[in-house]
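**Student:** Just one file: my_file_4.cif, with mmCIF, C-alpha atoms.
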data_protein
loop_
_atom_site.label_atom_id
_atom_site.label_comp_id
_atom_site.auth_asym_id
_atom_site.auth_seq_id
_atom_site.Cartn_x
_atom_site.Cartn_y
_atom_site.Cartn_z
CA MET A 1 0.00 0.00 0.00
CA THR A 2 1.43 3.29 -0.99
CA SER A 3 1.29 6.28 1.27
CA HIS A 4 -0.98 7.94 -1.28
CA THR A 5 -3.81 5.42 -0.81
CA LYS A 6 -3.31 5.50 2.95
CA LEU A 7 -3.80 9.22 2.96
CA THR A 8 -6.90 9.00 0.77
CA ILE A 9 -8.49 6.32 2.98
CA GLY A 10 -7.59 8.34 6.05
CA SER A 11 -9.20 11.51 4.76
CA ILE A 12 -12.33 9.62 3.61
CA ILE A 13 -12.76 8.09 7.07
CA PHE A 14 -12.20 11.49 8.64
CA ALA A 15 -14.88 13.02 6.43
CA ILE A 16 -17.38 10.21 7.17
CA VAL A 17 -16.90 10.56 10.94
CA LEU A 18 -17.34 14.31 10.72
CA ILE A 19 -20.52 14.06 8.64
CA ALA A 20 -21.93 11.40 10.99
CA ALA A 21 -21.21 13.61 13.99
CA ILE A 22 -23.01 16.54 12.35
CA ALA A 23 -25.98 14.35 11.37
CA PHE A 24 -26.50 12.94 14.87
CA ASN A 25 -25.92 16.17 16.67
CA ARG A 26 -29.44 17.37 15.93
CA GLU A 27 -30.98 20.16 17.89
CA ASN A 28 -32.52 18.99 21.14
CA ASP A 29 -36.14 18.11 20.50
CA TYR A 30 -37.17 18.55 24.09
CA THR A 31 -36.93 22.32 24.23
CA PHE A 32 -39.95 24.17 25.50
CA LYS A 33 -41.85 26.20 22.94
CA LYS A 34 -44.17 27.93 25.39
CA THR A 35 -43.16 30.32 28.14
CA LYS A 36 -43.98 29.96 31.82
CA ALA A 37 -46.63 32.66 31.61
CA GLU A 38 -48.32 31.06 28.59
CA THR A 39 -48.35 27.72 30.37
CA LEU A 40 -49.89 29.22 33.47
CA ALA A 41 -52.59 30.91 31.42
CA ALA A 42 -53.35 27.65 29.59
CA THR A 43 -53.45 25.73 32.86
CA LEU A 44 -56.02 28.11 34.25
CA ASP A 45 -58.05 27.90 31.04
CA SER A 46 -60.73 25.29 31.68
CA THR A 47 -61.23 24.57 27.96
CA ASN A 48 -57.99 22.60 28.00
CA PHE A 49 -59.53 20.17 30.45
CA ILE A 50 -62.46 17.99 29.46
CA SER A 51 -65.34 18.17 31.91
CA LYS A 52 -67.31 15.19 33.20
CA ASN A 53 -70.30 16.18 31.07
CA ASP A 54 -68.33 16.32 27.84
CA ILE A 55 -66.60 12.97 28.14
CA ASN A 56 -69.80 11.07 27.33
CA GLU A 57 -69.99 12.80 23.97
CA ILE A 58 -66.33 12.10 23.28
CA ILE A 59 -66.63 8.37 24.01
CA LYS A 60 -69.53 8.08 21.57
CA ASN A 61 -67.89 10.23 18.92
CA LYS A 62 -64.53 8.58 18.70
CA ASP A 63 -63.84 9.62 15.12
CA ASN A 64 -62.78 13.12 16.07
CA TYR A 65 -60.67 12.13 19.04
CA ILE A 66 -57.73 9.96 19.95
CA LEU A 67 -58.13 8.52 23.42
CA ILE A 68 -54.74 8.14 25.08
CA ASP A 69 -54.59 5.91 28.14
CA LEU A 70 -51.60 6.86 30.27
CA ARG A 71 -51.83 3.93 32.67
CA THR A 72 -49.30 1.11 32.74
CA PRO A 73 -49.64 -1.69 30.14
CA THR A 74 -50.80 -4.15 32.84
CA GLU A 75 -53.64 -1.87 33.87
CA PHE A 76 -54.46 -1.24 30.23
CA ILE A 77 -54.76 -4.95 29.43
CA LYS A 78 -57.14 -5.51 32.32
CA GLY A 79 -59.64 -3.09 30.93
CA ASN A 80 -59.67 -0.30 28.39
CA ILE A 81 -61.91 1.73 26.17
CA GLU A 82 -62.31 0.43 22.66
CA GLY A 83 -60.07 2.24 20.24
CA SER A 84 -57.89 3.86 22.88
CA ILE A 85 -54.09 3.90 22.64
CA ASN A 86 -51.88 2.98 25.55
CA ILE A 87 -48.95 5.34 26.11
CA PRO A 88 -47.60 4.88 29.63
CA ALA A 89 -47.11 8.31 31.23
CA LYS A 90 -43.36 7.89 31.58
CA ASN A 91 -43.00 7.24 27.84
CA ILE A 92 -44.82 10.26 26.48
CA LEU A 93 -41.61 11.86 25.24
CA ALA A 94 -40.58 8.81 23.18
CA ARG A 95 -39.98 9.62 19.49
CA GLU A 96 -42.41 6.95 18.29
CA TYR A 97 -45.39 8.86 19.68
CA GLU A 98 -44.33 12.23 18.32
CA ASN A 99 -46.57 12.01 15.24
CA ILE A 100 -49.63 11.16 17.33
CA PHE A 101 -49.29 14.36 19.32
CA SER A 102 -48.30 16.56 16.40
CA GLN A 103 -51.17 15.62 14.04
CA THR A 104 -53.91 18.22 13.82
CA GLU A 105 -56.92 16.28 12.51
CA LYS A 106 -58.01 14.74 15.78
CA THR A 107 -57.85 15.98 19.35
CA CYS A 108 -55.87 13.86 21.78
CA ILE A 109 -57.55 13.17 25.11
CA LEU A 110 -55.21 12.20 27.94
CA TYR A 111 -56.38 10.30 30.98
CA CYS A 112 -54.82 8.06 33.60
CA ALA A 113 -55.96 6.18 36.68
CA GLY A 114 -56.09 9.26 38.89
CA ALA A 115 -55.55 12.81 37.78
CA ILE A 116 -51.93 13.54 38.51
CA ASN A 117 -50.31 11.82 35.51
CA ALA A 118 -52.82 13.22 33.04
CA ASN A 119 -52.18 16.70 34.38
CA GLN A 120 -48.40 16.36 34.30
CA SER A 121 -48.34 14.84 30.83
CA TRP A 122 -50.65 17.51 29.51
CA MET A 123 -48.48 20.26 31.00
CA ILE A 124 -45.30 18.83 29.52
CA LEU A 125 -46.80 18.32 26.07
CA TYR A 126 -48.37 21.77 26.09
CA GLN A 127 -45.05 23.36 26.94
CA MET A 128 -43.41 21.47 24.09
CA GLY A 129 -45.81 23.24 21.75
CA TYR A 130 -48.41 20.54 21.04
CA SER A 131 -51.68 22.43 21.07
CA ASN A 132 -54.10 19.71 20.02
CA ILE A 133 -54.16 17.93 23.36
CA LYS A 134 -56.64 18.00 26.20
CA ALA A 135 -56.70 16.23 29.54
CA PHE A 136 -59.54 14.45 31.27
CA LEU A 137 -58.67 14.61 34.95
CA PRO A 138 -61.38 12.43 36.59
CA GLY A 139 -59.60 9.53 34.95
CA TYR A 140 -60.20 6.11 33.49
CA TYR A 141 -62.20 4.67 36.38
CA PHE A 142 -64.73 7.45 36.07
CA ILE A 143 -65.26 6.51 32.42
CA GLU A 144 -65.48 2.81 33.22
CA GLU A 145 -67.78 3.06 36.22
CA VAL A 146 -70.05 5.91 35.31
CA ILE A 147 -70.21 5.90 31.53
CA ILE A 148 -69.70 2.27 30.58
CA GLU A 149 -71.13 0.49 33.62
CA GLY A 150 -73.65 3.18 34.41
CA ARG A 151 -72.96 3.13 38.14
CA LYS A 152 -73.16 6.20 40.27
CA ILE A 153 -70.10 7.48 42.02
CA ASP A 154 -70.10 10.27 44.50
CA PRO A 155 -68.91 13.05 42.17
CA GLN A 156 -67.00 14.68 44.99
CA LEU A 157 -64.82 11.63 45.34
CA ILE A 158 -63.88 11.77 41.69
CA ASP A 159 -62.81 15.38 41.59
CA GLU A 160 -59.97 15.69 44.00
CA GLU A 161 -59.84 19.47 43.91
CA THR A 162 -63.37 19.79 45.34
CA PRO A 163 -63.29 20.18 49.09
CA GLN A 164 -64.75 17.04 50.66
CA PHE A 165 -65.17 18.55 54.08
CA ASP A 166 -65.96 21.84 55.64
CA TYR A 167 -62.37 22.39 56.61
CA ALA A 168 -62.96 25.14 59.11
CA GLU A 169 -65.60 23.03 60.86
CA LYS A 170 -63.51 19.89 60.81
CA ALA A 171 -60.39 21.56 62.14
CA LYS A 172 -62.17 23.58 64.79
CA PRO A 173 -60.36 23.41 68.14
CA LYS A 174 -62.20 21.23 70.63
CA VAL A 175 -63.35 22.30 74.06
CA GLY A 176 -60.68 22.25 76.71
CA GLY A 177 -57.81 22.47 74.32
CA THR A 178 -55.42 25.16 73.50
CA VAL A 179 -56.16 27.30 70.55
CA ILE A 180 -53.30 27.40 68.17
CA GLU A 181 -52.59 30.89 67.18
CA VAL A 182 -52.62 31.50 63.52
CA GLU A 183 -50.09 33.90 62.27
CA LYS A 184 -51.55 36.95 60.73
CA PRO A 185 -49.70 39.15 58.36
CA VAL A 186 -48.50 42.18 60.16
CA GLU A 187 -50.12 45.22 58.81
CA ARG A 188 -48.15 48.33 58.84
CA ALA A 189 -49.96 51.03 60.63
CA PRO A 190 -49.75 54.34 58.92
CA ILE A 191 -47.35 56.55 60.69
CA GLU A 192 -48.92 59.70 61.84
CA LYS A 193 -46.79 62.66 61.91
CA LYS A 194 -46.97 64.38 65.19
CA LYS A 195 -47.62 67.97 65.01
CA LYS A 196 -45.19 69.92 66.92
CA LYS A 197 -46.91 71.90 69.52
CA MET A 198 -45.98 75.36 70.07
CA VAL A 199 -43.88 75.68 73.10
CA GLN A 200 -46.11 76.89 75.76
CA GLY A 201 -44.73 79.08 78.30
CA GLY A 202 -44.33 78.23 81.90
CA CYS A 203 -45.65 80.54 84.36
CA MET B 1 4.39 13.82 -3.65
CA ASN B 2 3.00 17.20 -4.54
CA LYS B 3 -0.34 15.67 -5.54
CA LYS B 4 -0.81 14.08 -2.12
CA TYR B 5 -0.46 17.35 -0.34
CA ILE B 6 -2.88 19.05 -2.72
CA ILE B 7 -5.53 16.36 -2.07
CA ALA B 8 -5.06 16.52 1.70
CA ALA B 9 -5.10 20.30 1.77
CA SER B 10 -8.18 20.57 -0.42
CA THR B 11 -10.08 18.02 1.72
CA LEU B 12 -9.32 20.03 4.83
CA ILE B 13 -10.31 23.26 3.14
CA ILE B 14 -13.65 21.77 2.01
CA LEU B 15 -14.39 20.44 5.51
CA GLY B 16 -13.39 23.75 7.00
CA THR B 17 -15.85 25.60 4.76
CA ILE B 18 -18.60 23.14 5.75
CA ILE B 19 -17.95 23.82 9.42
CA LEU B 20 -17.85 27.54 8.78
CA PHE B 21 -21.39 27.55 7.37
CA LEU B 22 -22.91 25.19 9.93
CA PRO B 23 -25.66 26.83 12.00
CA GLU B 24 -24.29 27.96 15.29
CA LYS B 25 -25.64 26.00 18.20
CA ASP B 26 -26.97 28.32 20.84
CA ASN B 27 -26.70 26.63 24.21
CA SER B 28 -27.71 29.66 26.20
CA LYS B 29 -31.38 29.30 25.21
CA ILE B 30 -31.69 25.70 26.39
CA ASP B 31 -32.24 26.37 30.05
CA PHE B 32 -34.46 23.53 30.98
CA THR B 33 -35.88 20.86 28.72
CA ALA B 34 -38.94 18.65 28.80
CA ASP B 35 -37.00 15.45 29.41
CA LYS B 36 -35.32 17.00 32.46
CA LEU B 37 -38.68 18.18 33.77
CA MET B 38 -40.05 14.69 33.17
CA MET B 39 -37.23 13.21 35.25
CA ASN B 40 -37.94 15.65 38.08
CA LEU B 41 -41.62 14.77 38.04
CA VAL B 42 -40.97 11.08 38.53
CA GLU B 43 -38.90 11.69 41.65
CA SER B 44 -40.86 11.19 44.82
CA THR B 45 -38.70 13.54 46.88
CA ARG B 46 -40.78 16.47 45.71
CA MET B 47 -43.83 14.99 47.43
CA MET B 48 -44.44 15.40 51.13
CA ASP B 49 -47.15 13.41 52.81
CA SER B 50 -49.40 14.88 55.46
CA ASP B 51 -47.60 13.14 58.35
CA GLU B 52 -44.29 14.64 57.28
CA VAL B 53 -45.74 18.14 57.02
CA ALA B 54 -47.60 17.76 60.34
CA ASN B 55 -44.32 16.77 61.95
CA LEU B 56 -42.58 19.83 60.53
CA ILE B 57 -45.35 22.11 61.81
CA ILE B 58 -45.34 20.56 65.28
CA THR B 59 -41.57 20.65 65.64
CA LYS B 60 -41.74 24.27 64.48
CA ASP B 61 -39.20 23.68 61.75
CA PRO B 62 -38.01 27.18 60.81
CA SER B 63 -37.27 26.12 57.25
CA LEU B 64 -40.89 25.20 56.53
CA GLN B 65 -42.95 27.61 54.45
CA LEU B 66 -46.48 26.47 53.65
CA ILE B 67 -47.93 28.08 50.54
CA ASP B 68 -51.66 27.92 49.92
CA VAL B 69 -52.25 28.06 46.16
CA ARG B 70 -56.04 28.23 46.41
CA THR B 71 -58.01 31.43 45.98
CA SER B 72 -57.91 34.08 48.66
CA GLU B 73 -61.57 33.37 49.63
CA GLU B 74 -60.77 29.73 50.31
CA TYR B 75 -57.66 30.78 52.20
CA ALA B 76 -59.68 33.16 54.36
CA LYS B 77 -62.09 30.37 55.35
CA PHE B 78 -59.42 27.92 56.40
CA HIS B 79 -55.70 27.45 56.00
CA LEU B 80 -52.94 25.53 57.67
CA PRO B 81 -51.07 27.21 60.52
CA GLY B 82 -48.37 29.52 59.27
CA ALA B 83 -49.38 29.25 55.61
CA ILE B 84 -49.21 32.19 53.25
CA ASN B 85 -51.57 32.63 50.33
CA ILE B 86 -50.23 32.76 46.77
CA PRO B 87 -53.12 31.91 44.42
CA LEU B 88 -52.10 29.76 41.44
CA ALA B 89 -53.08 32.55 39.04
CA GLU B 90 -50.60 34.89 40.70
CA ILE B 91 -47.75 32.47 41.16
CA LEU B 92 -45.57 34.24 38.61
CA ASP B 93 -46.27 37.71 39.97
CA GLU B 94 -43.21 39.70 40.80
CA GLN B 95 -44.33 40.33 44.35
CA TRP B 96 -44.13 36.60 45.19
CA GLU B 97 -40.87 35.99 43.37
CA ALA B 98 -38.87 36.16 46.59
CA TYR B 99 -41.06 33.47 48.14
CA VAL B 100 -41.06 30.88 45.37
CA ASN B 101 -37.58 31.48 43.94
CA GLN B 102 -35.23 30.93 46.85
CA ALA B 103 -32.88 28.29 48.18
CA THR B 104 -33.11 28.38 51.95
CA ARG B 105 -36.62 27.38 52.95
CA LYS B 106 -38.77 24.39 52.09
CA ASN B 107 -41.84 25.64 50.28
CA VAL B 108 -44.74 23.23 50.55
CA PHE B 109 -47.52 23.97 48.05
CA TYR B 110 -50.96 22.74 48.92
CA SER B 111 -54.51 23.01 47.59
CA ASN B 112 -57.67 20.98 48.11
CA GLY B 113 -56.20 18.02 46.25
CA SER B 114 -52.83 17.47 44.60
CA ILE B 115 -53.55 18.91 41.18
CA ARG B 116 -53.42 22.68 41.70
CA ALA B 117 -50.35 22.33 43.89
CA ASP B 118 -48.70 20.18 41.25
CA GLN B 119 -49.51 22.72 38.54
CA ALA B 120 -47.91 25.43 40.66
CA TRP B 121 -44.92 23.18 41.23
CA ILE B 122 -44.43 22.43 37.53
CA ILE B 123 -44.60 26.12 36.59
CA CYS B 124 -42.09 27.00 39.31
CA ARG B 125 -39.78 24.16 38.32
CA ARG B 126 -40.01 25.35 34.74
CA GLY B 127 -38.56 28.64 35.90
CA GLY B 128 -35.70 26.72 37.47
CA TYR B 129 -36.87 27.29 41.04
CA ILE B 130 -35.80 24.76 43.63
CA LYS B 131 -36.76 23.73 47.17
CA ASN B 132 -40.45 23.50 46.36
CA TYR B 133 -42.55 20.56 47.45
CA ILE B 134 -46.18 19.55 47.28
CA LEU B 135 -48.47 18.22 49.98
CA VAL B 136 -49.76 14.90 48.68
CA GLY B 137 -53.56 14.71 48.60
CA GLY B 138 -53.89 18.32 49.73
CA LEU B 139 -56.32 19.41 52.42
CA ASN B 140 -58.77 16.57 51.69
CA ASN B 141 -56.14 14.05 52.62
CA TRP B 142 -54.93 16.23 55.48
CA MET B 143 -58.39 16.08 57.08
CA ARG B 144 -58.61 12.33 56.54
CA THR B 145 -55.23 11.60 58.10
CA VAL B 146 -53.83 14.23 60.42
CA ILE B 147 -57.09 15.66 61.74
CA SER B 148 -59.37 12.61 61.92
CA PRO B 149 -57.35 9.42 61.50
CA GLU B 150 -59.13 6.15 60.86
CA ILE B 151 -58.65 3.40 63.43
CA PRO B 152 -56.78 0.51 61.81
CA GLU B 153 -58.11 -3.04 61.90
CA ASP B 154 -56.85 -5.42 64.57
CA THR B 155 -55.21 -7.46 61.87
CA ASP B 156 -53.21 -4.51 60.54
CA ASP B 157 -49.49 -4.48 61.08
CA ASN B 158 -47.56 -2.52 63.64
CA LEU B 159 -46.74 0.20 61.17
CA ALA B 160 -50.40 1.02 60.68
CA TRP B 161 -50.90 1.26 64.42
CA GLU B 162 -47.80 3.38 64.87
CA ARG B 163 -49.03 5.69 62.17
CA TYR B 164 -52.43 5.83 63.82
CA ASN B 165 -50.93 6.72 67.18
CA PHE B 166 -48.82 9.41 65.58
CA ARG B 167 -51.89 10.84 63.87
CA LYS B 168 -53.87 10.77 67.08
CA ALA B 169 -51.15 12.89 68.60
CA THR B 170 -51.15 15.27 65.64
CA ALA B 171 -54.93 15.56 65.86
CA GLN B 172 -54.59 16.49 69.49
CA TYR B 173 -52.03 19.10 68.58
CA PHE B 174 -54.13 20.67 65.84
CA LEU B 175 -57.50 20.39 67.55
CA GLY B 176 -56.47 20.95 71.10
CA GLY B 177 -57.14 18.59 73.99
CA THR B 178 -59.73 15.87 73.51
CA SER B 179 -60.92 16.00 77.12
CA GLN B 180 -64.28 17.62 77.53
CA THR B 181 -63.62 18.97 81.01
CA VAL B 182 -64.22 22.62 81.14
CA VAL B 183 -61.80 24.45 83.31
CA PRO B 184 -63.66 26.89 85.58
CA VAL B 185 -62.75 30.39 84.71
CA ARG B 186 -61.12 32.21 87.52
CA LYS B 187 -62.85 35.43 88.13
CA ALA B 188 -60.57 38.29 87.89
CA ASP B 189 -60.61 40.74 90.71
CA PRO B 190 -62.44 43.85 89.78
CA VAL B 191 -60.05 46.55 88.97
CA VAL B 192 -60.72 49.67 90.90
CA LYS B 193 -60.28 52.59 88.71
CA ARG B 194 -58.54 55.37 90.31
CA LYS B 195 -60.02 58.67 89.83
CA LYS B 196 -57.77 61.10 88.26
CA LYS B 197 -57.32 63.99 90.41
CA ALA B 198 -57.20 67.36 88.97
CA VAL B 199 -53.74 68.68 88.94
CA GLN B 200 -53.34 70.89 91.81
CA GLY B 201 -50.85 73.50 92.45
CA GLY B 202 -48.89 75.39 89.92
CA CYS B 203 -49.43 78.96 89.65
#
Give the structure from the file, written as structure tokens.
**Tutor:**
Amino acid sequence: MTSHTKLTIGSIIFAIVLIAAIAFNRENDYTFKKTKAETLAATLDSTNFISKNDINEIIKNKDNYILIDLRTPTEFIKGNIEGSINIPAKNILAREYENIFSQTEKTCILYCAGAINANQSWMILYQMGYSNIKAFLPGYYFIEEVIIEGRKIDPQLIDEETPQFDYAEKAKPKVGGTVIEVEKPVERAPIEKKKKKMVQGGC
Amino acid sequence: MNKKYIIAASTLIILGTIILFLPEKDNSKIDFTADKLMMNLVESTRMMDSDEVANLIITKDPSLQLIDVRTSEEYAKFHLPGAINIPLAEILDEQWEAYVNQATRKNVFYSNGSIRADQAWIICRRGGYIKNYILVGGLNNWMRTVISPEIPEDTDDNLAWERYNFRKATAQYFLGGTSQTVVPVRKADPVVKRKKKAVQGGC
């Protein structure tokens, strides 16, 4: 082998490695597209969350929606809604699901067993710029029990943000006990300027 | 000989030009990405259960800062001892910045359930804030555990009974004594008001 061929092979390998490095060093896909303030506004916007009354319509009208079940595969196998897709909550950022979230024809509905995973997943996906996604916080068991089985569940137990007790009544100090003082914010009293009195004379 | 050098030099020049026109990667904009947020969300250290928070309140831990993310009306009706009110809608306000963006105290967000507190947590984490926690189950769970604990079954393990005993003690702390004996109020001696005498003398 002459030194000429060696050099050619060397430079070809060098070029291939360099091109490969450039190709794989793609921009990070996980950057947030929405700001904190936009996310907060969207979180407070109730239209991003499906209400209990609307879910019935959605289950019947599956053509316009993609139901995404965020529970674990074991839970999903035990029982699921026909036509729903299982994406375990910890896998929502996987590349293979990217096209489901980015399509614009159908609205994605996220739900999990409780509410916490659906909320978290929705917040992450919203911040990544996917706007066609809504969350159903009462969760899968609400759909199964109330809509499919037709049973009645105490609605207060489903919605965890509804107070289930009269807190003030429940936490009222009992007779004979010590009342725990609750800190109150100290209000600054306006400072009154004292008027200087004229010096009055002695006698 | 001369040819070799020309080939090598031209390869390097071509590669150099490619590098020159590559888009510049801006690392300064990537502050916090969705995959990192996802990893934070899975960690259970950001959750505090009601027993843990009750313990911190009772031991008067100076690093504890409870933050009520409900509305100010709900806060006015009932709130945990020592809690301050930062409604979720105002969490990004400049006036609260010093509370949520700090590194010395443990901020524990709570609401009626876990969801609002978690939303506040995610938005704060998005801003890169640390030392924030959420109260698992919120006030609903607080009432069910710390304030009125359920008596475990006889067949339950020691741990359940230990937990129950701890919660009985916390309930006593938060509600005051459970004894119904009313302590007779000692009558205070009537205070005899002294009559102010007119200033006598002078000229």
**Student:** In terms of the shortest atom-to-atom distance over all atoms listed in the file, which of A:Ile133, A:Ile143, A:Ile85, A:Ile16 is closest to chain B?
**Tutor:** A:Ile16
**Student:** Which residues are close to Leu110 in chain A, i.e. within 12 Å by all atoms listed in the file, leaving aside same-chain residues fewer than 3 positions away? Reply as a PyMOL selection string.
**Tutor:** chain A and resi 48-50+55+65-71+84-89+92+101+107+113-123+125-126+132-140
**Student:** Would you translate the PyMOL selection byres ((chain B and resi 142-155) around 8) into the concrete set of residues it matches in this file, as a list in words?
**Tutor:** Phe165, Tyr167, Lys170 and Ala171 of chain A; Ser50, Asp51, Ala54, Gly137, Gly138, Leu139, Asn140, Asn141, Asp156, Asp157, Ala160, Trp161, Tyr164, Arg167, Lys168, Thr170, Ala171, Phe174 and Leu175 of chain B
**Student:** Which residues match the PyMOL selection byres ((chain B and resi 116-128) around 10) in the file above, as a ChimeraX atom specification?
**Tutor:** /A:32,35-37,39-40,43-44,116,119-120,123-124,127,160-161 /B:31-34,36-38,40-41,46-47,67-70,86-92,97,100-101,107-115,129-138
**Student:** Looking at A:Ala21, A:Ala15, A:Ile9, A:Ile158, which one is nearest to chain B, with distances taken over all atoms listed in the file?
**Tutor:** A:Ala15
**Student:** In terms of the shortest atom-to-atom distance over all atoms listed in the file, which of B:Asn85, B:Ser63, B:Thr104, B:Asn165 is closest to chain A?
**Tutor:**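 With all atoms listed in the file as the atom set, the closest residue is B:Asn85.
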**Student:** Could you give me, as a PyMOL selection string, the residues within 12 Å of Lys6 in chain A, counting only C-alpha atoms and dropping anything in the same chain fewer than 5 positions from it?
**Tutor:** (chain A and resi 1+11-13) or (chain B and resi 4+8)
**Student:** Please, what distance in Å, to one decimal, runs between CA of Gly16 in chain B and CA of Ser3 in chain A?
**Tutor:**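 So the answer is 23.5 Å.
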**Student:** Go through B:Gly176, B:Ile19, B:Tyr99, B:Ile57 one by one, measure the shortest atom-to-atom distance of each to chain A using all atoms listed in the file, and give the residue with the smallest value.
**Tutor:**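 When distances to chain A are compared using all atoms listed in the file, the smallest one comes from B:Gly176.
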**Student:** To test the calculation: enclose all listed atoms of range 99-110 of chain B in a box whose edges run along x, y and z, add 6 Å on each side, then state centre and edge lengths in Å to one decimal, as JSON.
**Tutor:**
{"center_x": -41.9, "center_y": 28.1, "center_z": 48.4, "size_x": 30.1, "size_y": 22.7, "size_z": 21.0}
**Student:** Using only C-alpha atoms, which of B:His79, B:Ser44, B:Glu162, B:Ile13 sits nearest chain A?
**Tutor:**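 For chain A, the nearest of the given residues is B:His79.
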**Student:** Please indicate the distance in Å from CA of Lys62 in chain A to CA of Gly83 in chain A, rounded to one decimal place.
**Tutor:**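 These two atoms are separated by 7.9 Å.
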**Student:** Between CA of Met128 in chain A and CA of Lys33 in chain A, what distance in Å does the model show, to one decimal?
**Tutor:**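 One can read the CA of Met128 in chain A to CA of Lys33 in chain A distance as 5.1 Å.
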**Student:** Rank nothing, just name the residue among B:Gln95, B:Thr17, B:Gln172, B:Gln65 nearest to chain A, using all atoms listed in the file.
**Tutor:**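 Checking each candidate against chain A, we get B:Gln172 as the closest.
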